[in-house]
Amino acid sequence: TGDDDDAVDDDDAVDDDDSADDDDSGPSFPPSLLVSGELSYEANTLGTLVGANDCVTTFNGTVTSPAPDSCVECAADYQGAATYPIDQCASEANTQSPPTINFGFVFTSPTSWEVYSGDSAGSYAHIGTAAFDGSSSYVLSRTDSVDTAIGDVGDLTTTLTFTP
């Protein structure tokens, strides 16, 4: 009967972690996302004593959904090229900013997404929850201590905006 079919569909949505319909009220996976980000480092006293300076890096790009299951923990993952209008932190740290950005998501509700960041080797790490901003985007913002072998040298504030 139709009722039995509905029950099976509901069970499949709950039990199948790879399903795009894990939450019937949640968003479906968009084929691409606009991504913008800002990384802002603020050196503390120890940081300035060892030669670190405050810096800002901004990036943006469009990411699309690559081959499935690149991020094992994620329900969907995306990859794309990044451009860096401001890239002070890479030069400050004597490194290069990555040309490709990778993000994975678990769509936990219509107003929040769990966000994973991927590296060039294909490893993903959970970096926080992006919350719906009330208009059209999901925003993740966090501040972390920058710990080195000599100790805490400042704070890094990361703000990421994802727009379907």
# chains A, B, ... in the order shown; residues from 1 in each chain; ligands from 1

$ residues_around --residues "Gly134 (chain A)" --least-positions-apart "3" --cutoff "12 Å" --atoms "only C-alpha atoms" --output "MDAnalysis selection string"
chainID A and resid 110:112 131 137:139 163

$ write_last_selection --atoms "C-alpha atoms" --output "PDB file, in the first residue's frame"
ATOM      1  CA  PRO A 110      17.349  23.599   7.221  1.00  0.00           C
ATOM      2  CA  THR A 111      19.286  26.118   9.344  1.00  0.00           C
ATOM      3  CA  SER A 112      22.611  24.395  10.039  1.00  0.00           C
ATOM      4  CA  ALA A 131      24.314  28.564  10.511  1.00  0.00           C
ATOM      5  CA  SER A 137      23.849  31.881   3.044  1.00  0.00           C
ATOM      6  CA  TYR A 138      25.281  29.644   5.733  1.00  0.00           C
ATOM      7  CA  VAL A 139      28.078  31.163   7.852  1.00  0.00           C
ATOM      8  CA  THR A 163      25.773  30.287  -0.659  1.00  0.00           C
TER       9      THR A 163
END

$ residues_around --residues "Asp119 (chain A)" --least-positions-apart "3" --cutoff "12 Å" --atoms "only C-alpha atoms" --output "PyMOL selection string"
chain A and resi 70-71+78-79+97-104+116+122-126

$ write_last_selection --atoms "C-alpha atoms" --output "PDB file, in the first residue's frame"
ATOM      1  CA  SER A  70      35.572  11.714  -1.125  1.00  0.00           C
ATOM      2  CA  CYS A  71      34.698  12.782   2.433  1.00  0.00           C
ATOM      3  CA  TYR A  78      32.591  19.926  -2.979  1.00  0.00           C
ATOM      4  CA  GLN A  79      35.788  21.100  -4.622  1.00  0.00           C
ATOM      5  CA  SER A  97      47.668  29.389  -0.300  1.00  0.00           C
ATOM      6  CA  PRO A  98      46.051  26.321  -1.864  1.00  0.00           C
ATOM      7  CA  PRO A  99      44.738  26.778  -5.411  1.00  0.00           C
ATOM      8  CA  THR A 100      41.899  24.325  -4.713  1.00  0.00           C
ATOM      9  CA  ILE A 101      39.449  24.373  -1.810  1.00  0.00           C
ATOM     10  CA  ASN A 102      37.548  21.316  -0.543  1.00  0.00           C
ATOM     11  CA  PHE A 103      34.570  21.248   1.783  1.00  0.00           C
ATOM     12  CA  GLY A 104      32.278  18.476   2.914  1.00  0.00           C
ATOM     13  CA  TYR A 116      34.416  19.590   7.038  1.00  0.00           C
ATOM     14  CA  GLY A 122      41.939  13.928   0.556  1.00  0.00           C
ATOM     15  CA  SER A 123      41.769  14.046   4.358  1.00  0.00           C
ATOM     16  CA  TYR A 124      38.830  15.862   5.929  1.00  0.00           C
ATOM     17  CA  ALA A 125      38.461  17.379   9.415  1.00  0.00           C
ATOM     18  CA  HIS A 126      35.322  18.734  11.085  1.00  0.00           C
TER      19      HIS A 126
END

$ closest_residue --among "A:Phe107, A:Asp133, A:Glu114, A:Tyr41" --to "Ala90 (chain A)" --atoms "only C-alpha atoms"
A:Tyr41

$ closest_residue --among "A:Ile127, A:Ala121, A:Ser109, A:Cys55" --to "Ala93 (chain A)" --atoms "only C-alpha atoms"
A:Cys55

$ closest_residue --among "A:Val153, A:Pro164, A:Ser120, A:Asp54" --to "Ser135 (chain A)" --atoms "only C-alpha atoms"
A:Pro164

$ select_by_dssp --residues "region 4-147 of chain A" --states "strand (DSSP E)" --output "JSON, numbers by chain"
{"A": [32, 33, 34, 35, 36, 37, 38, 39, 40, 41, 42, 43, 55, 56, 57, 58, 59, 60, 61, 62, 63, 64, 76, 77, 78, 79, 80, 81, 83, 84, 85, 86, 87, 100, 101, 102, 103, 104, 105, 106, 107, 108, 109, 112, 113, 114, 115, 116, 117, 118, 124, 125, 126, 127, 128, 129, 130, 131, 132, 138, 139, 140, 141, 142, 143, 144, 145, 146, 147]}

$ closest_atom_pairs --of "region 82-164 of chain A" --to "region 45-52 of chain A" --cutoff "12 Å" --atoms "only C-alpha atoms" --output "CSV"
residue,atom,partner,partner_atom,distance
A:Gln88,CA,A:Ala52,CA,11.9
A:Cys89,CA,A:Ala52,CA,10.0
A:Ser91,CA,A:Ala52,CA,11.3
A:Glu92,CA,A:Ala52,CA,7.5
A:Ala93,CA,A:Ala52,CA,8.3
A:Asn94,CA,A:Ala52,CA,11.2
A:Ser145,CA,A:Gly47,CA,11.3
A:Val146,CA,A:Gly47,CA,9.3
A:Asp147,CA,A:Gly47,CA,10.0
A:Thr148,CA,A:Gly47,CA,9.8
A:Ala149,CA,A:Gly47,CA,11.9
A:Ile150,CA,A:Leu46,CA,8.7
A:Gly151,CA,A:Leu46,CA,8.0
A:Asp152,CA,A:Leu46,CA,7.4
A:Val153,CA,A:Gly47,CA,4.1
A:Gly154,CA,A:Gly47,CA,6.1
A:Asp155,CA,A:Gly47,CA,9.7

$ closest_residue --among "A:Leu156, A:Ala81, A:Val115, A:Val63" --to "Ala43 (chain A)" --atoms "only C-alpha atoms"
A:Leu156

$ residues_around --residues "Thr62 (chain A)" --least-positions-apart "2" --cutoff "8 Å" --atoms "only C-alpha atoms" --output "ChimeraX atom specification"
/A:32-35,60,64,80-82

$ select_by_dssp --residues "region 16-146 of chain A" --states "helix (DSSP H, G or I)" --output "list in words"
Thr45, Leu46, Gly47, Thr48, Leu49, Gln88, Cys89, Ala90, Ser91 and Glu92 of chain A

$ closest_residue --among "A:Glu38, A:Val56, A:Gln96, A:Pro30" --to "Ala76 (chain A)" --atoms "only C-alpha atoms"
A:Pro30

$ atom_distance --atom1 "CA of Phe132 (chain A)" --atom2 "CA of Leu39 (chain A)"
20.0 Å

$ atom_distance --atom1 "CA of Ser40 (chain A)" --atom2 "CA of Gly128 (chain A)"
17.0 Å

$ closest_residue --among "A:Thr57, A:Ser136, A:Ser28, A:Thr95" --to "Thr83 (chain A)" --atoms "only C-alpha atoms"
A:Thr57
